[in-house]
4 protein chains.
Amino acid sequence: MQDSYDLRGIPLDKAGIKDIAMPLTVFDKIKGMQHVTARVSFYTSLPENRKGVHLSKLMNALNSNSKRILTPATIKKMAEEVSDGQDVFLRIDFTYFIDKQSPVSGTIAPMDYRCAFVAELKENFQLKLEAKVPVMTLCPDSKALSKYGAHNQRSIVTIQAKGDIWFDDLISYAEKSASSEIFQFLSKEDDKFVTEKSYENPKFVEDLVRDIVIKLKDDTRVKWFYVDSEDFESNHNYNAFASFESKE
Amino acid sequence: MQDSYDLRGIPLDKAGIKDIAMPLTVFDKIKGMQHVTARVSFYTSLPENRKGVHLSKLMNALNSNSKRILTPATIKKMAEEVSDGQDVFLRIDFTYFIDKQSPVSGTIAPMDYRCAFVAELKENFQLKLEAKVPVMTLCPDSKALSKYGAHNQRSIVTIQAKGDIWFDDLISYAEKSASSEIFQFLSKEDDKFVTEKSYENPKFVEDLVRDIVIKLKDDTRVKWFYVDSEDFESNHNYNAFASFESKE
Amino acid sequence: MQDSYDLRGIPLDKAGIKDIAMPLTVFDKIKGMQHVTARVSFYTSLPENRKGVHLSKLMNALNSNSKRILTPATIKKMAEEVSDGQDVFLRIDFTYFIDKQSPVSGTIAPMDYRCAFVAELKENFQLKLEAKVPVMTLCPDSKALSKYGAHNQRSIVTIQAKGDIWFDDLISYAEKSASSEIFQFLSKEDDKFVTEKSYENPKFVEDLVRDIVIKLKDDTRVKWFYVDSEDFESNHNYNAFASFESKE
Amino acid sequence: MQDSYDLRGIPLDKAGIKDIAMPLTVFDKIKGMQHVTARVSFYTSLPENRKGVHLSKLMNALNSNSKRILTPATIKKMAEEVSDGQDVFLRIDFTYFIDKQSPVSGTIAPMDYRCAFVAELKENFQLKLEAKVPVMTLCPDSKALSKYGAHNQRSIVTIQAKGDIWFDDLISYAEKSASSEIFQFLSKEDDKFVTEKSYENPKFVEDLVRDIVIKLKDDTRVKWFYVDSEDFESNHNYNAFASFESKE
């Protein structure tokens with residue numbers, strides 16, 4: 001049984017539940033909250049003298065809190081409920097939607113962003129927000145070398161940050177730093193706008209990451225951050241990548 | 001036990017092994033053969049009066065033929081070995097490489113294509129070859145509407161065909177029909193070539209599929225075919241898709 | 001432009017949007033509706049004389065109906081809105097949750113099922129409901145041969161059906177036919193119940209599929225169905241599979 | 001252009017190629033070498049005053065070394081070729097096969113393991129070997145509580161290690177620590193053996209990880225290691241997980 005004594009003398013860093021699907025709600029600055037289909041991993045550390053972790057204890061904490069709106073406060077509360085002096089690790093992944101207005105026609109349609117809460121409770125409680133943001137990048141070299149045109153592509157920016165900010169802020173920093181942000185509904189005028197803007201604004205994957213780094217460094221709410229981008233380049237069958245992590 | 005009598009009176013269409021990894025070799029027109037890491041699914045139909053299929057019988061056929069070079073003939077032989085009057089379904093997926101020479105610098109590098117044999121033995125033996133081909137497409141609308149530039153992206157073309165042809169032929173048809181084919185090694189001159197060629201050659205996903213259909217219809221070796229393309233468009237976070245299946 | 005005339009004489013089977021994420025709601029027999037994160041593909045056929053499909057027309061239909069609760073009626077309406085005499089294909093995938101009560105402790109926790117609407121509008125409108133149901137299977141051979149124990153595993157049953165039924169019905173048929181249904185919250189007593197029930201009730205993948213086929217054949221609401229199961233068997237690194245499709 | 005001067009003052013941790021497919025060969029203790037389909041990511045750090053990394057320089061190093069058998073020495077050489085004073089990160093993933101003999105019938109069939117080289121060149125060169133090993137675990141609680149049977153499942157153990165060892169060693173440690181190792185070809189006698197062995201040898205995910213930790217600590221060749229296991233438990237639709245990382 002999980003409570004029994006273990007003689008091997010080996011404490012474990014993490015033990016618990018991986019990848020359970022749950023219908024949850026997440027705080028939304030504009031609408032108050034939004035419903036999400038979450039995927040949750042929930043671990044504690046395990047002392048050397050204990051045989052195992054009770055998955056049902058972790059399930060209870062998840063289940064009994066599943067009606068609360070996820071905020072930094074409710075996530076901290078869930079971590080504290082199961083800690084009992086042990087480290088706690090809680091990761092909650094979900095697709096977060098923002099209603100975006102296209103740039104010329106002004107049509108509103110929801111854009112999807114894969115987001116996550118990544119929480120640790122050790123001596124202190126630490127929460128990272130993570131957002132994956134699809135944007136458009138256009139290659140400066142390809143533009144400079146070619147008589148016309150320039151290869152461009154969808155890129156996925158990943159930002160993680162600690163501090164008093166929200167997903168919308170991280171998403172905005174990525175979108176503002178790309179060759180162009182993208183939109184789910186595009187009229188002909190919107191498509192023209194996005195095409196021309198990206199051509200006027202070429203970015204290597206390194207440029208995109210650096211321009212986001214500058215914005216995050218300038219934001220005094222942000223205590224720590226990590227940025228990467230993966231560009232699914234249209235001229236070969238592999239991706240370009242760059243990353244930066246701040247010193248804490 | 002699998003051999004025992006079943007009283008429910010329900011014959012099954014397929015029963016067997018799904019997704020086993022095997023190191024195999026595939027016939028290659030240029031090099032004679034190439035080594036692949038294959039993923040194999042291998043089923044037979046099951047008569048209404050039999051309890052189950054012996055997975056070990058299917059494994060034996062796979063294992064004892066694993067040193068042969070995969071060709072239409074060896075695949076037919078494997079299907080016949082396990083049939084015993086039943087239908088047989090055999091699908092073998094693998095990454096197939098072709099050494100491609102870049103268009104200006106002439107540098108050679110291997111390009112990867114996800115390919116498959118899709119075989120059925122019923123009254124007759126039928127074999128489909130499948131190839132997934134990464135190419136570049138550039139949007140005609142975006143080019144026509146914009147002062148400069150045009151959004152473009154990686155697209156994945158899928159071709160299935162029956163007839164006396166090989167993967168290299170299917171891959172060539174897809175690459176010749178795109179805005180531009182793509183290359184793993186690109187010097188600055190190669191990148192300029194690909195960028196300008198794609199700009200001169202805009203294609204909707206529908207154009208790309210239709211231009212491949214024309215080539216496959218004109219090839220008298222091809223008895224049946226299916227084509228689709230998925231364009232990972234750079235201006236929004238979803239894909240454009242088109243498909244065509246020939247009448248047999 | 002997409003509306004212009006095409007001279008190649010090749011009609012396409014499908015053209016449109018693949019894999020767009022949307023926040024939608026689905027009818028729920030018990031709660032009235034539930035919020036889902038959907039993934040939508042939406043195609044029409046394309047006449048031989050037309051250049052392309054307007055993605056924005058499909059987006060409009062999606063967007064303007066996104067507040068309606070998804071039912072067979074609203075899905076039919078969306079298909080009809082974009083048809084204009086062409087075939088329409090609409091697939092909507094989402095995770096559907098059912099509150100399940102564990103068998104002994106009676107604890108309630110949400111179980112996730114990957115479900116889909118698969119709709120076609122040709123001469124008639126046809127709608128398939130699809131449900132993927134995780135269950136437990138225990139190998140009859142392993143039980144019969146061994147002095148104690150029997151290998152068992154998670155299996156994923158896929159059912160598609162046409163007719164006046166709902167996801168909950170399909171899910172129930174799969175769960176009632178397995179060695180045991182499974183639960184997200186399991187006390188020790190629940191785990192004992194599931195373990196013993198599955199041992200008393202061994203099923204090959206073929207047995208599981210056949211027992212579901214019998215239930216679907218007996219259900220007069222069901223006009224057509226397809227069933228398969230993939231068993232992630234614990235004694236080797238590949239899966240067992242069986243399938244059955246009804247004649248229409 | 002990538003060589004030009006950058007004024008933003010932001011050095012990047014990593015920039016380069018992500019997920020390129022290559023046909024490579026890997027050293028094999030028994031056969032000398034084996035052919036693999038590799039997926040490679042290859043980055044360098046980027047000084048604050050340089051605009052970007054040349055992907056073609058990284059491609060050249062990959063391409064010109066693609067005929068060498070991958071060993072710690074050849075991986076170090078590839079990293080050094082591109083370094084030019086910068087940090088280098090090289091990850092090569094592939095499926096590695098070992099011919100395994102089933103325990104009673106003695107039948108030989110290849111088992112697949114997802115393996116990787118994870119290399120860093122900073123002040124020193126450091127190489128981690130990674131192996132993912134499918135095994136069988138049987139739940140001690142389920143066995144203890146139930147009149148008969150016990151739920152069991154496929155688990156995937158991940159081991160990373162630094163030191164003078166090889167993939168086969170890591171794989172062996174995982175297989176020897178599980179409730180039972182698994183085999184691709186299983187006769188009835190083999191299946192009985194595996195079923196009974198696993199029933200005699202129940203392991204929580206925590207037990208499995210701890211028993212591997214003991215073996216790695218006792219191996220004086222190993223300088224650092226990480227172990228986790230994910231158990232795809234058959235009684236619910238989520239996984240159990242545990243992990244341990246050694247202090248360096």
# chains A, B, ... in the order shown; residues from 1 in each chain; ligands from 1

call {"tool": "interface_residues", "arguments": {"of": "chain A", "to": "chain B", "cutoff": "9 Å", "atoms": "only C-alpha atoms", "output": "MDAnalysis selection string"}}
result
chainID A and resid 111:112 134:138 141:155 180:186 188:189 191:196 198:200 232:238

call {"tool": "select_by_dssp", "arguments": {"residues": "stretch 5-105 of chain B", "states": "alpha helix (DSSP H)", "output": "compact mmCIF listing (two decimals) with all heavy atoms, in the first residue's frame"}}
result
# COMPACT_ATOMS: atom_id res chain seq x y z
N LEU B 55 -2.28 -13.53 -33.31
CA LEU B 55 -1.29 -12.48 -33.58
C LEU B 55 0.08 -13.10 -33.89
O LEU B 55 0.84 -12.57 -34.70
CB LEU B 55 -1.16 -11.54 -32.37
CG LEU B 55 -2.43 -10.76 -31.97
CD1 LEU B 55 -2.09 -9.72 -30.93
CD2 LEU B 55 -3.10 -10.12 -33.16
N SER B 56 0.37 -14.24 -33.29
CA SER B 56 1.70 -14.85 -33.48
C SER B 56 1.87 -15.34 -34.92
O SER B 56 2.98 -15.34 -35.45
CB SER B 56 1.93 -15.99 -32.49
OG SER B 56 0.92 -16.95 -32.61
N LYS B 57 0.77 -15.73 -35.56
CA LYS B 57 0.86 -16.13 -36.97
C LYS B 57 1.23 -14.92 -37.85
O LYS B 57 2.07 -15.02 -38.76
CB LYS B 57 -0.49 -16.71 -37.41
CG LYS B 57 -0.56 -17.17 -38.85
CD LYS B 57 -1.95 -17.73 -39.14
CE LYS B 57 -2.20 -17.87 -40.65
NZ LYS B 57 -3.60 -18.27 -40.91
N LEU B 58 0.62 -13.79 -37.56
CA LEU B 58 0.95 -12.56 -38.31
C LEU B 58 2.38 -12.13 -38.02
O LEU B 58 3.12 -11.73 -38.92
CB LEU B 58 -0.04 -11.45 -37.95
CG LEU B 58 -1.51 -11.74 -38.31
CD1 LEU B 58 -2.44 -10.72 -37.66
CD2 LEU B 58 -1.73 -11.74 -39.82
N MET B 59 2.77 -12.22 -36.75
CA MET B 59 4.15 -11.86 -36.37
C MET B 59 5.16 -12.74 -37.09
O MET B 59 6.21 -12.27 -37.53
CB MET B 59 4.34 -12.01 -34.85
CG MET B 59 4.02 -10.79 -34.04
SD MET B 59 5.03 -9.34 -34.50
CE MET B 59 6.69 -9.93 -34.06
N ASN B 60 4.85 -14.03 -37.19
CA ASN B 60 5.75 -14.95 -37.89
C ASN B 60 5.97 -14.53 -39.34
O ASN B 60 7.09 -14.55 -39.84
CB ASN B 60 5.18 -16.37 -37.87
CG ASN B 60 5.83 -17.21 -36.81
OD1 ASN B 60 6.93 -16.91 -36.36
ND2 ASN B 60 5.14 -18.27 -36.40
N ALA B 61 4.87 -14.18 -40.00
CA ALA B 61 4.98 -13.78 -41.41
C ALA B 61 5.82 -12.51 -41.54
O ALA B 61 6.64 -12.38 -42.44
CB ALA B 61 3.59 -13.58 -42.01
N LEU B 62 5.61 -11.57 -40.62
CA LEU B 62 6.40 -10.33 -40.63
C LEU B 62 7.87 -10.62 -40.39
O LEU B 62 8.75 -10.16 -41.11
CB LEU B 62 5.93 -9.38 -39.53
CG LEU B 62 4.77 -8.45 -39.82
CD1 LEU B 62 4.44 -7.65 -38.57
CD2 LEU B 62 5.14 -7.51 -40.97
N ASN B 63 8.10 -11.38 -39.36
CA ASN B 63 9.46 -11.63 -38.89
C ASN B 63 10.27 -12.43 -39.91
O ASN B 63 11.42 -12.09 -40.20
CB ASN B 63 9.39 -12.39 -37.57
CG ASN B 63 10.41 -11.93 -36.56
OD1 ASN B 63 11.03 -10.89 -36.75
ND2 ASN B 63 10.57 -12.69 -35.51
N SER B 64 9.65 -13.44 -40.48
CA SER B 64 10.40 -14.32 -41.39
C SER B 64 10.65 -13.63 -42.73
O SER B 64 11.52 -14.06 -43.48
CB SER B 64 9.64 -15.62 -41.59
OG SER B 64 8.40 -15.36 -42.21
N PRO B 72 6.39 -4.69 -54.55
CA PRO B 72 5.03 -5.22 -54.70
C PRO B 72 5.00 -6.75 -54.60
O PRO B 72 4.08 -7.31 -53.99
CB PRO B 72 4.62 -4.72 -56.08
CG PRO B 72 5.35 -3.40 -56.21
CD PRO B 72 6.70 -3.65 -55.56
N ALA B 73 6.01 -7.43 -55.11
CA ALA B 73 6.01 -8.89 -55.09
C ALA B 73 6.17 -9.44 -53.68
O ALA B 73 5.47 -10.39 -53.28
CB ALA B 73 7.13 -9.42 -55.99
N THR B 74 7.08 -8.86 -52.88
CA THR B 74 7.28 -9.40 -51.53
C THR B 74 6.09 -9.06 -50.63
O THR B 74 5.75 -9.83 -49.73
CB THR B 74 8.60 -8.88 -50.91
OG1 THR B 74 8.64 -7.46 -50.99
CG2 THR B 74 9.80 -9.47 -51.62
N ILE B 75 5.46 -7.93 -50.88
CA ILE B 75 4.29 -7.58 -50.08
C ILE B 75 3.13 -8.53 -50.40
O ILE B 75 2.42 -9.00 -49.51
CB ILE B 75 3.92 -6.10 -50.32
CG1 ILE B 75 4.97 -5.24 -49.61
CG2 ILE B 75 2.52 -5.78 -49.82
CD1 ILE B 75 4.91 -3.80 -49.96
N LYS B 76 2.96 -8.84 -51.67
CA LYS B 76 1.92 -9.80 -52.06
C LYS B 76 2.18 -11.17 -51.41
O LYS B 76 1.26 -11.80 -50.88
CB LYS B 76 1.91 -9.94 -53.59
CG LYS B 76 0.75 -10.76 -54.12
CD LYS B 76 0.77 -10.83 -55.64
CE LYS B 76 -0.39 -11.70 -56.14
NZ LYS B 76 -0.22 -12.08 -57.54
N LYS B 77 3.44 -11.57 -51.41
CA LYS B 77 3.81 -12.86 -50.81
C LYS B 77 3.46 -12.89 -49.31
O LYS B 77 2.89 -13.87 -48.81
CB LYS B 77 5.31 -13.08 -51.01
CG LYS B 77 5.84 -14.39 -50.48
CD LYS B 77 7.32 -14.54 -50.78
CE LYS B 77 7.90 -15.73 -50.01
NZ LYS B 77 7.77 -15.61 -48.55
N MET B 78 3.76 -11.82 -48.59
CA MET B 78 3.45 -11.77 -47.16
C MET B 78 1.94 -11.85 -46.93
O MET B 78 1.48 -12.52 -46.01
CB MET B 78 3.99 -10.47 -46.55
CG MET B 78 5.47 -10.57 -46.16
SD MET B 78 6.16 -8.94 -45.76
CE MET B 78 5.21 -8.54 -44.29
N ALA B 79 1.18 -11.16 -47.77
CA ALA B 79 -0.28 -11.21 -47.63
C ALA B 79 -0.79 -12.63 -47.88
O ALA B 79 -1.65 -13.15 -47.14
CB ALA B 79 -0.94 -10.22 -48.59
N GLU B 80 -0.25 -13.27 -48.91
CA GLU B 80 -0.73 -14.63 -49.25
C GLU B 80 -0.36 -15.64 -48.17
O GLU B 80 -1.12 -16.58 -47.91
CB GLU B 80 -0.14 -15.04 -50.61
CG GLU B 80 -0.80 -14.29 -51.78
CD GLU B 80 -0.11 -14.52 -53.11
OE1 GLU B 80 1.06 -14.98 -53.10
OE2 GLU B 80 -0.73 -14.21 -54.15
N GLU B 81 0.78 -15.44 -47.53
CA GLU B 81 1.21 -16.39 -46.49
C GLU B 81 0.22 -16.51 -45.33
O GLU B 81 0.13 -17.55 -44.71
CB GLU B 81 2.56 -15.94 -45.91
CG GLU B 81 3.76 -16.48 -46.66
CD GLU B 81 5.07 -16.05 -46.00
OE1 GLU B 81 5.12 -16.01 -44.75
OE2 GLU B 81 6.01 -15.73 -46.75
N VAL B 82 -0.47 -15.40 -45.03
CA VAL B 82 -1.36 -15.43 -43.84
C VAL B 82 -2.83 -15.57 -44.22
O VAL B 82 -3.68 -15.66 -43.33
CB VAL B 82 -1.19 -14.15 -42.98
CG1 VAL B 82 0.26 -14.00 -42.53
CG2 VAL B 82 -1.65 -12.91 -43.72
N SER B 83 -3.16 -15.61 -45.51
CA SER B 83 -4.55 -15.46 -45.92
C SER B 83 -5.43 -16.65 -45.53
O SER B 83 -6.45 -16.47 -44.85
CB SER B 83 -4.64 -15.26 -47.44
OG SER B 83 -5.99 -15.35 -47.83

call {"tool": "atom_distance", "arguments": {"atom1": "atom CA of B:Ile17", "atom2": "atom CA of D:Arg39"}}
result
26.1 Å

call {"tool": "residues_around", "arguments": {"residues": "stretch 216-227 of chain A", "least_positions_apart": "6", "cutoff": "9 Å", "atoms": "only C-alpha atoms", "output": "ChimeraX atom specification"}}
result
/A:128,157-165,170,173,209-210,242-248

call {"tool": "atom_distance", "arguments": {"atom1": "atom CA of C:Pro23", "atom2": "atom CA of B:Glu206"}}
result
28.3 Å

call {"tool": "atom_distance", "arguments": {"atom1": "atom CA of D:Gly106", "atom2": "atom CA of D:His35"}}
result
25.3 Å

call {"tool": "select_by_dssp", "arguments": {"residues": "stretch 19-242 of chain A", "states": "strand (DSSP E or B)", "output": "ChimeraX atom specification"}}
result
/A:19-28,32-46,50,69-70,88-101,108-121,125-138,152-163,180,222-231,239-242

call {"tool": "residues_around", "arguments": {"residues": "B:Tyr96", "least_positions_apart": "4", "cutoff": "10 Å", "atoms": "only C-alpha atoms", "output": "PDB file with N, CA, C and O atoms, in the first residue's frame"}}
result
ATOM      1  N   VAL B  26      13.408  -1.159 -48.224  1.00  0.00           N
ATOM      2  CA  VAL B  26      12.468  -0.861 -49.307  1.00  0.00           C
ATOM      3  C   VAL B  26      13.255  -0.733 -50.602  1.00  0.00           C
ATOM      4  O   VAL B  26      14.363  -0.174 -50.612  1.00  0.00           O
ATOM      5  N   ASP B  28      14.617   0.693 -53.926  1.00  0.00           N
ATOM      6  CA  ASP B  28      14.956   2.059 -54.327  1.00  0.00           C
ATOM      7  C   ASP B  28      15.497   1.955 -55.750  1.00  0.00           C
ATOM      8  O   ASP B  28      16.463   1.230 -56.009  1.00  0.00           O
ATOM      9  N   GLN B  34      16.810   0.849 -49.711  1.00  0.00           N
ATOM     10  CA  GLN B  34      17.192   1.697 -48.588  1.00  0.00           C
ATOM     11  C   GLN B  34      16.615   1.132 -47.298  1.00  0.00           C
ATOM     12  O   GLN B  34      15.566   0.490 -47.287  1.00  0.00           O
ATOM     13  N   HIS B  35      17.340   1.347 -46.186  1.00  0.00           N
ATOM     14  CA  HIS B  35      16.900   0.898 -44.864  1.00  0.00           C
ATOM     15  C   HIS B  35      15.860   1.868 -44.320  1.00  0.00           C
ATOM     16  O   HIS B  35      16.053   3.083 -44.403  1.00  0.00           O
ATOM     17  N   VAL B  36      14.771   1.339 -43.762  1.00  0.00           N
ATOM     18  CA  VAL B  36      13.742   2.211 -43.184  1.00  0.00           C
ATOM     19  C   VAL B  36      13.337   1.698 -41.800  1.00  0.00           C
ATOM     20  O   VAL B  36      13.536   0.526 -41.479  1.00  0.00           O
ATOM     21  N   THR B  37      12.792   2.617 -40.997  1.00  0.00           N
ATOM     22  CA  THR B  37      12.131   2.246 -39.756  1.00  0.00           C
ATOM     23  C   THR B  37      10.644   2.236 -40.060  1.00  0.00           C
ATOM     24  O   THR B  37      10.034   3.286 -40.231  1.00  0.00           O
ATOM     25  N   ALA B  38      10.083   1.033 -40.171  1.00  0.00           N
ATOM     26  CA  ALA B  38       8.697   0.915 -40.619  1.00  0.00           C
ATOM     27  C   ALA B  38       7.743   0.773 -39.444  1.00  0.00           C
ATOM     28  O   ALA B  38       8.124   0.358 -38.347  1.00  0.00           O
ATOM     29  N   PRO B 110      19.672  14.850 -48.467  1.00  0.00           N
ATOM     30  CA  PRO B 110      18.513  13.949 -48.476  1.00  0.00           C
ATOM     31  C   PRO B 110      17.229  14.661 -48.032  1.00  0.00           C
ATOM     32  O   PRO B 110      17.225  15.360 -47.023  1.00  0.00           O
ATOM     33  N   MET B 111      16.161  14.485 -48.792  1.00  0.00           N
ATOM     34  CA  MET B 111      14.832  15.008 -48.419  1.00  0.00           C
ATOM     35  C   MET B 111      13.975  13.827 -47.968  1.00  0.00           C
ATOM     36  O   MET B 111      14.007  12.760 -48.574  1.00  0.00           O
ATOM     37  N   ASP B 112      13.196  14.062 -46.917  1.00  0.00           N
ATOM     38  CA  ASP B 112      12.361  13.007 -46.343  1.00  0.00           C
ATOM     39  C   ASP B 112      10.925  13.094 -46.833  1.00  0.00           C
ATOM     40  O   ASP B 112      10.341  14.180 -46.883  1.00  0.00           O
ATOM     41  N   TYR B 113      10.363  11.940 -47.157  1.00  0.00           N
ATOM     42  CA  TYR B 113       8.963  11.815 -47.591  1.00  0.00           C
ATOM     43  C   TYR B 113       8.325  10.681 -46.791  1.00  0.00           C
ATOM     44  O   TYR B 113       8.858   9.564 -46.788  1.00  0.00           O
ATOM     45  N   ARG B 114       7.181  10.934 -46.170  1.00  0.00           N
ATOM     46  CA  ARG B 114       6.483   9.839 -45.482  1.00  0.00           C
ATOM     47  C   ARG B 114       5.739   9.028 -46.539  1.00  0.00           C
ATOM     48  O   ARG B 114       4.873   9.562 -47.239  1.00  0.00           O
ATOM     49  N   CYS B 115       6.099   7.780 -46.664  1.00  0.00           N
ATOM     50  CA  CYS B 115       5.506   6.918 -47.699  1.00  0.00           C
ATOM     51  C   CYS B 115       4.878   5.692 -47.061  1.00  0.00           C
ATOM     52  O   CYS B 115       5.099   5.396 -45.889  1.00  0.00           O
ATOM     53  N   ALA B 116       4.063   4.991 -47.854  1.00  0.00           N
ATOM     54  CA  ALA B 116       3.422   3.767 -47.343  1.00  0.00           C
ATOM     55  C   ALA B 116       3.047   2.841 -48.481  1.00  0.00           C
ATOM     56  O   ALA B 116       2.737   3.288 -49.595  1.00  0.00           O
ATOM     57  N   ALA B 131       2.469   8.530 -51.002  1.00  0.00           N
ATOM     58  CA  ALA B 131       3.595   9.418 -50.704  1.00  0.00           C
ATOM     59  C   ALA B 131       3.060  10.753 -50.206  1.00  0.00           C
ATOM     60  O   ALA B 131       2.103  11.289 -50.771  1.00  0.00           O
ATOM     61  N   LYS B 132       3.675  11.267 -49.146  1.00  0.00           N
ATOM     62  CA  LYS B 132       3.365  12.608 -48.628  1.00  0.00           C
ATOM     63  C   LYS B 132       4.542  13.509 -48.967  1.00  0.00           C
ATOM     64  O   LYS B 132       5.665  13.223 -48.568  1.00  0.00           O
ATOM     65  N   PHE B 167       7.390   5.344 -55.783  1.00  0.00           N
ATOM     66  CA  PHE B 167       7.269   6.540 -54.955  1.00  0.00           C
ATOM     67  C   PHE B 167       7.885   7.765 -55.630  1.00  0.00           C
ATOM     68  O   PHE B 167       7.314   8.853 -55.587  1.00  0.00           O
ATOM     69  N   ASP B 168       9.043   7.569 -56.250  1.00  0.00           N
ATOM     70  CA  ASP B 168       9.748   8.693 -56.872  1.00  0.00           C
ATOM     71  C   ASP B 168       8.882   9.383 -57.927  1.00  0.00           C
ATOM     72  O   ASP B 168       8.953  10.610 -58.098  1.00  0.00           O
TER      73      ASP B 168
ATOM     74  N   MET D  22      16.899  12.782 -41.156  1.00  0.00           N
ATOM     75  CA  MET D  22      18.135  12.366 -41.841  1.00  0.00           C
ATOM     76  C   MET D  22      18.281  10.848 -41.715  1.00  0.00           C
ATOM     77  O   MET D  22      18.039  10.296 -40.647  1.00  0.00           O
ATOM     78  N   PRO D  23      18.735  10.186 -42.768  1.00  0.00           N
ATOM     79  CA  PRO D  23      19.084   8.762 -42.628  1.00  0.00           C
ATOM     80  C   PRO D  23      20.504   8.654 -42.084  1.00  0.00           C
ATOM     81  O   PRO D  23      21.451   9.105 -42.727  1.00  0.00           O
ATOM     82  N   THR D  37      16.382   6.138 -38.929  1.00  0.00           N
ATOM     83  CA  THR D  37      15.774   7.365 -39.450  1.00  0.00           C
ATOM     84  C   THR D  37      15.803   8.360 -38.307  1.00  0.00           C
ATOM     85  O   THR D  37      15.044   8.234 -37.351  1.00  0.00           O
TER      86      THR D  37
END

call {"tool": "closest_residue", "arguments": {"among": "C:Lys29, C:Lys215, C:Lys51, C:Arg68", "to": "C:Leu7", "atoms": "only C-alpha atoms"}}
result
C:Lys51

call {"tool": "decode", "arguments": {"residues": "stretch 183-212 of chain C", "atoms": "C-alpha atoms", "output": "PDB file, in the first residue's frame"}}
result
ATOM      1  CA  PHE C 183     -13.483   5.390 -13.774  1.00  0.00           C
ATOM      2  CA  GLN C 184     -11.421   8.514 -13.105  1.00  0.00           C
ATOM      3  CA  PHE C 185     -11.858   8.381  -9.330  1.00  0.00           C
ATOM      4  CA  LEU C 186     -11.162   4.974  -7.802  1.00  0.00           C
ATOM      5  CA  SER C 187     -11.123   4.274  -4.074  1.00  0.00           C
ATOM      6  CA  LYS C 188      -9.510   1.001  -2.973  1.00  0.00           C
ATOM      7  CA  GLU C 189     -12.955  -0.618  -3.053  1.00  0.00           C
ATOM      8  CA  ASP C 190     -13.591   0.699  -6.555  1.00  0.00           C
ATOM      9  CA  ASP C 191     -10.219  -0.613  -7.743  1.00  0.00           C
ATOM     10  CA  LYS C 192     -10.960  -4.061  -6.247  1.00  0.00           C
ATOM     11  CA  PHE C 193     -14.326  -4.049  -8.034  1.00  0.00           C
ATOM     12  CA  VAL C 194     -12.832  -3.148 -11.419  1.00  0.00           C
ATOM     13  CA  THR C 195      -9.973  -5.644 -11.051  1.00  0.00           C
ATOM     14  CA  GLU C 196     -12.236  -8.544 -10.116  1.00  0.00           C
ATOM     15  CA  LYS C 197     -14.902  -7.691 -12.669  1.00  0.00           C
ATOM     16  CA  SER C 198     -12.367  -7.612 -15.495  1.00  0.00           C
ATOM     17  CA  TYR C 199     -10.878 -10.946 -14.351  1.00  0.00           C
ATOM     18  CA  GLU C 200     -14.330 -12.528 -14.355  1.00  0.00           C
ATOM     19  CA  ASN C 201     -15.012 -11.141 -17.785  1.00  0.00           C
ATOM     20  CA  PRO C 202     -12.048 -11.746 -20.154  1.00  0.00           C
ATOM     21  CA  LYS C 203     -12.374 -10.426 -23.724  1.00  0.00           C
ATOM     22  CA  PHE C 204     -10.245 -10.647 -26.812  1.00  0.00           C
ATOM     23  CA  VAL C 205     -10.396  -7.521 -28.972  1.00  0.00           C
ATOM     24  CA  GLU C 206     -12.603  -9.591 -31.282  1.00  0.00           C
ATOM     25  CA  ASP C 207     -15.024 -10.399 -28.425  1.00  0.00           C
ATOM     26  CA  LEU C 208     -15.315  -6.755 -27.460  1.00  0.00           C
ATOM     27  CA  VAL C 209     -16.117  -5.667 -31.006  1.00  0.00           C
ATOM     28  CA  ARG C 210     -18.628  -8.488 -31.531  1.00  0.00           C
ATOM     29  CA  ASP C 211     -20.457  -7.775 -28.268  1.00  0.00           C
ATOM     30  CA  ILE C 212     -20.839  -4.122 -29.257  1.00  0.00           C
TER      31      ILE C 212
END
